[in-house]
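K.L.:
Sharing structure00.cif (mmCIF, C-alpha atoms) below.
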data_upload
loop_
_atom_site.label_atom_id
_atom_site.label_comp_id
_atom_site.auth_asym_id
_atom_site.auth_seq_id
_atom_site.Cartn_x
_atom_site.Cartn_y
_atom_site.Cartn_z
CA MET A 10 0.00 0.00 0.00
CA SER A 11 1.42 3.39 -0.98
CA ALA A 12 1.79 6.39 1.34
CA ARG A 13 -0.94 8.11 -0.67
CA ASP A 14 -3.34 5.21 -0.04
CA LEU A 15 -2.52 5.26 3.69
CA ILE A 16 -3.18 9.00 3.95
CA LEU A 17 -6.42 8.80 1.96
CA GLY A 18 -7.53 5.80 4.03
CA ARG A 19 -7.01 7.74 7.27
CA LEU A 20 -8.91 10.73 5.90
CA ARG A 21 -11.85 8.56 4.84
CA ALA A 22 -11.95 6.84 8.23
CA THR A 23 -11.99 10.13 10.15
CA GLN A 24 -15.30 11.04 11.71
CA HIS A 25 -16.55 14.41 10.50
CA ARG A 26 -17.84 16.61 13.29
CA LEU A 27 -19.37 20.04 13.34
CA PRO A 28 -16.71 22.73 13.59
CA ASP A 29 -16.60 24.79 16.76
CA PRO A 30 -18.54 28.02 16.36
CA VAL A 31 -16.29 30.98 15.70
CA ALA A 32 -18.85 33.66 16.37
CA PRO A 33 -19.41 34.51 20.04
CA TYR A 34 -23.16 34.52 19.44
CA ARG A 35 -25.09 32.03 17.37
CA PRO A 36 -28.87 32.26 17.28
CA GLU A 37 -30.85 29.14 18.05
CA ALA A 38 -31.93 27.13 15.05
CA PRO A 39 -35.55 27.83 14.15
CA ALA A 40 -38.07 25.09 14.87
CA ASP A 41 -39.22 25.07 11.24
CA LEU A 42 -36.17 25.19 8.96
CA GLY A 43 -38.34 25.22 5.82
CA ALA A 44 -40.26 28.31 6.92
CA ALA A 45 -37.01 30.03 7.92
CA LEU A 46 -35.43 29.21 4.55
CA ALA A 47 -38.46 30.54 2.67
CA ALA A 48 -38.52 33.76 4.72
CA ARG A 49 -34.79 34.45 4.18
CA ALA A 50 -35.09 33.61 0.47
CA ARG A 51 -37.94 36.11 0.11
CA ALA A 52 -35.79 38.74 1.83
CA VAL A 53 -33.24 38.44 -0.99
CA PHE A 54 -35.74 38.73 -3.88
CA ALA A 55 -36.50 35.03 -4.34
CA THR A 56 -39.95 33.45 -4.08
CA ALA A 57 -40.94 30.24 -2.33
CA GLU A 58 -43.81 27.81 -1.91
CA GLU A 59 -44.34 24.39 -0.39
CA ILE A 60 -46.00 21.35 -1.93
CA THR A 61 -47.17 18.21 -0.15
CA SER A 62 -45.92 15.71 -2.74
CA LEU A 63 -43.29 15.69 -5.47
CA ASP A 64 -46.10 14.67 -7.86
CA ASP A 65 -47.49 18.22 -7.38
CA LEU A 66 -44.29 19.80 -8.75
CA PRO A 67 -45.36 20.18 -12.42
CA ALA A 68 -48.58 21.99 -11.41
CA ALA A 69 -46.65 24.26 -8.99
CA VAL A 70 -44.12 25.09 -11.72
CA ALA A 71 -46.91 25.83 -14.23
CA ARG A 72 -48.59 28.19 -11.73
CA TYR A 73 -45.30 29.98 -11.09
CA LEU A 74 -44.37 30.36 -14.78
CA GLY A 75 -47.83 31.33 -16.00
CA PRO A 76 -49.10 30.80 -19.54
CA ASP A 77 -46.18 32.48 -21.35
CA ILE A 78 -43.54 29.82 -20.65
CA THR A 79 -44.46 26.25 -21.56
CA THR A 80 -41.04 24.75 -22.33
CA LEU A 81 -38.38 24.44 -19.68
CA ALA A 82 -35.21 22.48 -18.98
CA VAL A 83 -35.86 19.70 -16.47
CA ALA A 84 -33.16 17.82 -14.55
CA ALA A 85 -32.95 14.12 -15.37
CA GLU A 86 -34.14 13.00 -11.92
CA LEU A 87 -37.39 14.97 -12.35
CA ARG A 88 -38.30 14.10 -15.95
CA HIS A 89 -40.50 11.17 -14.88
CA LEU A 90 -43.11 13.56 -13.45
CA ALA A 91 -46.34 14.42 -15.35
CA TRP A 92 -45.13 17.65 -17.00
CA SER A 93 -47.48 17.41 -20.00
CA ALA A 94 -50.52 17.12 -17.71
CA ALA A 95 -49.56 20.56 -16.33
CA GLY A 96 -49.23 21.98 -19.86
CA LEU A 97 -45.43 22.01 -19.80
CA THR A 98 -42.90 20.48 -22.18
CA PRO A 99 -39.64 19.33 -20.60
CA ALA A 100 -36.64 20.02 -22.80
CA ALA A 101 -33.23 18.43 -22.62
CA PRO A 102 -30.73 20.49 -20.64
CA PRO A 103 -29.40 23.34 -22.74
CA GLY A 104 -25.94 23.19 -24.23
CA ARG A 105 -24.82 26.74 -24.79
CA ALA A 106 -28.11 28.49 -25.33
CA ALA A 107 -30.08 29.91 -22.44
CA MET A 108 -33.52 28.63 -21.52
CA ALA A 109 -36.35 30.75 -20.17
CA ALA A 110 -36.72 28.43 -17.16
CA SER A 111 -35.18 25.37 -15.57
CA VAL A 112 -36.12 23.09 -12.69
CA ALA A 113 -33.59 21.06 -10.74
CA PRO A 114 -33.10 19.70 -7.23
CA VAL A 115 -30.59 21.12 -4.78
CA VAL A 116 -28.12 19.10 -2.67
CA GLY A 117 -28.77 21.31 0.34
CA ALA A 118 -30.04 24.63 1.62
CA ILE A 119 -29.14 26.96 4.49
CA ALA A 120 -32.06 28.37 6.47
CA GLU A 121 -30.01 31.09 8.19
CA THR A 122 -29.23 32.87 4.91
CA GLY A 123 -31.78 31.54 2.40
CA THR A 124 -28.93 29.98 0.40
CA LEU A 125 -29.24 27.06 -2.01
CA ILE A 126 -26.43 24.53 -2.39
CA LEU A 127 -26.23 23.44 -6.01
CA THR A 128 -23.89 21.00 -7.70
CA SER A 129 -22.34 20.21 -11.03
CA ARG A 130 -23.35 16.53 -10.79
CA ASP A 131 -25.45 16.75 -13.97
CA PRO A 132 -23.39 15.39 -16.90
CA HIS A 133 -24.22 18.57 -18.81
CA GLY A 134 -22.70 20.79 -16.10
CA PRO A 135 -24.30 23.34 -13.79
CA TRP A 136 -26.85 24.47 -16.41
CA PRO A 137 -29.82 25.21 -14.11
CA ASN A 138 -27.78 27.60 -12.01
CA LEU A 139 -26.18 29.56 -14.81
CA LEU A 140 -28.21 29.52 -18.02
CA ALA A 141 -31.91 29.82 -17.23
CA ASP A 142 -33.55 33.19 -16.64
CA ARG A 143 -35.84 31.58 -14.05
CA HIS A 144 -34.33 28.92 -11.81
CA ILE A 145 -36.85 26.74 -9.99
CA ALA A 146 -35.06 24.91 -7.18
CA VAL A 147 -36.60 21.78 -5.69
CA VAL A 148 -35.69 21.74 -1.98
CA PRO A 149 -36.46 18.57 0.00
CA ARG A 150 -37.04 19.55 3.66
CA GLY A 151 -34.58 16.87 4.79
CA LEU A 152 -31.73 18.69 3.04
CA ILE A 153 -32.21 22.01 4.84
CA SER A 154 -29.53 22.84 7.42
CA ALA A 155 -29.77 25.64 9.97
CA THR A 156 -26.30 27.07 9.23
CA LEU A 157 -23.50 26.89 6.68
CA GLU A 158 -21.37 24.96 9.17
CA GLU A 159 -24.04 22.27 9.54
CA ALA A 160 -24.51 22.05 5.78
CA VAL A 161 -20.77 21.64 5.15
CA ALA A 162 -20.48 18.99 7.86
CA ARG A 163 -23.41 17.06 6.34
CA LEU A 164 -22.03 17.30 2.81
CA ALA A 165 -18.49 16.37 3.92
CA GLY A 166 -19.79 12.96 4.99
CA ASN A 167 -20.62 12.21 1.35
CA ARG A 168 -18.46 12.20 -1.73
CA LEU A 169 -18.45 15.82 -2.85
CA PRO A 170 -18.96 16.69 -6.52
CA ARG A 171 -16.35 18.52 -8.55
CA SER A 172 -17.95 21.85 -7.75
CA LEU A 173 -20.57 23.32 -5.45
CA HIS A 174 -22.44 26.56 -6.03
CA LEU A 175 -23.92 28.57 -3.19
CA ALA A 176 -26.69 30.82 -4.50
CA THR A 177 -28.64 33.28 -2.39
CA GLY A 178 -31.50 34.70 -4.45
CA PRO A 179 -31.28 35.90 -8.05
CA SER A 180 -27.94 36.94 -9.52
CA ARG A 181 -27.31 40.62 -8.92
CA THR A 182 -24.69 43.31 -9.14
CA GLY A 183 -24.41 46.96 -8.22
CA ASP A 184 -21.19 47.62 -10.16
CA ILE A 185 -22.64 49.96 -12.75
CA GLU A 186 -23.50 53.35 -11.28
CA GLN A 187 -24.29 51.56 -7.99
CA THR A 188 -27.68 50.54 -9.39
CA LEU A 189 -28.93 47.07 -8.42
CA GLU A 190 -29.20 44.91 -11.54
CA LEU A 191 -30.82 41.47 -11.26
CA GLY A 192 -29.73 38.62 -13.54
CA ALA A 193 -26.25 39.95 -14.20
CA HIS A 194 -24.46 36.60 -14.00
CA GLY A 195 -27.23 34.05 -13.69
CA ALA A 196 -30.94 33.71 -13.03
CA VAL A 197 -33.12 36.82 -13.00
CA ALA A 198 -35.61 35.02 -10.75
CA VAL A 199 -35.23 32.15 -8.28
CA HIS A 200 -38.21 30.19 -7.03
CA LEU A 201 -37.91 27.60 -4.24
CA VAL A 202 -40.33 24.69 -4.11
CA LEU A 203 -40.10 22.92 -0.76
CA THR A 204 -40.99 19.23 -0.83
CA PRO A 205 -41.45 16.63 1.94
#
Starting from the file, lay out its structure as structure tokens.
P.N.:
Amino acid sequence: MSARDLILGRLRATQHRLPDPVAPYRPEAPADLGAALAARARAVFATAEEITSLDDLPAAVARYLGPDITTLAVAAELRHLAWSAAGLTPAAPPGRAAMAASVAPVVGAIAETGTLILTSRDPHGPWPNLLADRHIAVVPRGLISATLEEAVARLAGNRLPRSLHLATGPSRTGDIEQTLELGAHGAVAVHLVLTP
């Protein structure tokens, strides 16, 4: 066994624990992480709703998009849902062209800041996070952490993807004449759909 294998073996065997808090004050975690996430997301110009079953996702997406957008990019793990029954046509993930809307699951969320944790695990890359004007994020309640530290500790126990994206609300910048511009480097609108 090589030295590299020994080192990697020790790292894999190490128990991951939550890091010690660095801030002298840390607020208590809210009782309802989903409600806290939705409230913080709304505070940063995102929208949020909750559905009782993943089967309700196509109808929720159709309500959010309205009648003007009927074609959207859908992540592979969600294509089995009844999109046509909701009047929507799922398209393959875009290559280089932008889509009006995309729907994809997150790998985590942070209630304290309203932040989504997105990944590049899709073989086509991080398309939902970067190309669509409207990003619809599917957030299972079980993946919501109270803080960034808790989210990192949870994710560190799994094999991490090549890249993670932390997104808090729509893309924005104030670089030009100090005027807030939404959609500068990504989605103009972000909509969270909380699922059981």
K.L.:
If I take CA of Gly178 in chain A and CA of Ser111 in chain A, how far is one from the other in Å, to one decimal?
P.N.:
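Rounded to one decimal, the two atoms are 15.0 Å apart.
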K.L.:
Need to verify the contact set: Pro114 in chain A, 10 Å, all atoms listed in the file, exclusion of same-chain residues closer than 4 positions in sequence. Can you return it as a compact mmCIF listing (two decimals) with C-alpha atoms, in the frame of the given file?
P.N.:
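The result, written out as part.txt:
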# COMPACT_ATOMS: atom_id res chain seq x y z
CA VAL A 83 -35.86 19.70 -16.47
CA ALA A 84 -33.16 17.82 -14.55
CA ALA A 85 -32.95 14.12 -15.37
CA GLU A 86 -34.14 13.00 -11.92
CA LEU A 87 -37.39 14.97 -12.35
CA LEU A 125 -29.24 27.06 -2.01
CA ILE A 126 -26.43 24.53 -2.39
CA LEU A 127 -26.23 23.44 -6.01
CA THR A 128 -23.89 21.00 -7.70
CA PRO A 137 -29.82 25.21 -14.11
CA ILE A 145 -36.85 26.74 -9.99
CA ALA A 146 -35.06 24.91 -7.18
CA VAL A 147 -36.60 21.78 -5.69
CA VAL A 148 -35.69 21.74 -1.98
CA PRO A 149 -36.46 18.57 0.00
CA LEU A 201 -37.91 27.60 -4.24
CA VAL A 202 -40.33 24.69 -4.11
K.L.:
Translate the PyMOL selection byres ((chain A and resi 80) around 8) into a concrete residue list for this structure, as a PyMOL selection string.
P.N.:
chain A and resi 78-79+81-82+97-100+109-110
K.L.:
Which residue out of A:Ser62, A:Arg35, A:Tyr73, A:His194 has the minimum interatomic distance to Glu121 in chain A when only C-alpha atoms are used?
P.N.:
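For Glu121 in chain A, the nearest of the given residues is A:Arg35.
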K.L.:
So which one's closest to Ala38 in chain A, A:Thr156, A:Arg19, A:Pro205, A:Pro67? Using only C-alpha atoms, please.
P.N.:
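The closest residue to Ala38 in chain A is A:Thr156.
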K.L.:
What's the separation between CA of Pro39 in chain A and CA of His174 in chain A, in Å to one decimal place?
P.N.:
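Here the two named atoms are 24.1 Å from each other.
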K.L.:
Show me, as JSON, the centre and edge lengths in Å to one decimal of the axis-aligned box that covers every listed atom of range 141-153 of chain A with 8 Å on each side.
P.N.:
{"center_x": -34.4, "center_y": 25.0, "center_z": -6.2, "size_x": 21.3, "size_y": 32.3, "size_z": 38.1}
K.L.:
Taking (-35.8, 20.6, 10.6) in the coordinates of the supplied file, I want to know which residues reach to within 9 Å of it, counting all atoms listed in the file; could you give the answer as a PyMOL selection string?
P.N.:
chain A and resi 38-43+150-155
K.L.:
Give the answer as one residue: which of A:Ala50, A:Val116, A:Ala44, A:Leu90 has the shortest atom-to-atom distance to Pro179 in chain A, using all atoms listed in the file?
P.N.:
A:Ala50
K.L.:
Could you please determine the separation between CA of Leu46 in chain A and CA of Gly123 in chain A in Å, to one decimal place?
P.N.:
4.8 Å
K.L.:
I'd like to know which of A:Phe54, A:Ala45, A:Trp92, A:Leu157 is closest to Leu66 in chain A, using only C-alpha atoms.
P.N.:
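Closest to Leu66 in chain A of all the choices is A:Trp92.
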K.L.:
Name the residues that the PyMOL selection byres ((chain A and resi 53) around 12) picks from the file above, as a PyMOL selection string, using the file's chain letters and numbers.
P.N.:
chain A and resi 46-52+54-57+122-124+176-181+191+198-200
K.L.:
Taking all atoms listed in the file into account, which of A:Glu190, A:Arg143, A:Ala196, A:Ile119 comes nearest Val161 in chain A?
P.N.:
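Residue with the minimum atom-to-atom distance to Val161 in chain A: A:Ile119.
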K.L.:
Which residue is closest to Ala95 in chain A? Choose from A:Ala71, A:Ala141, A:Val115, A:Ile185 and count only C-alpha atoms.
P.N.:
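Ranking A:Ala71, A:Ala141, A:Val115, A:Ile185 by distance to Ala95 in chain A, first place goes to A:Ala71.
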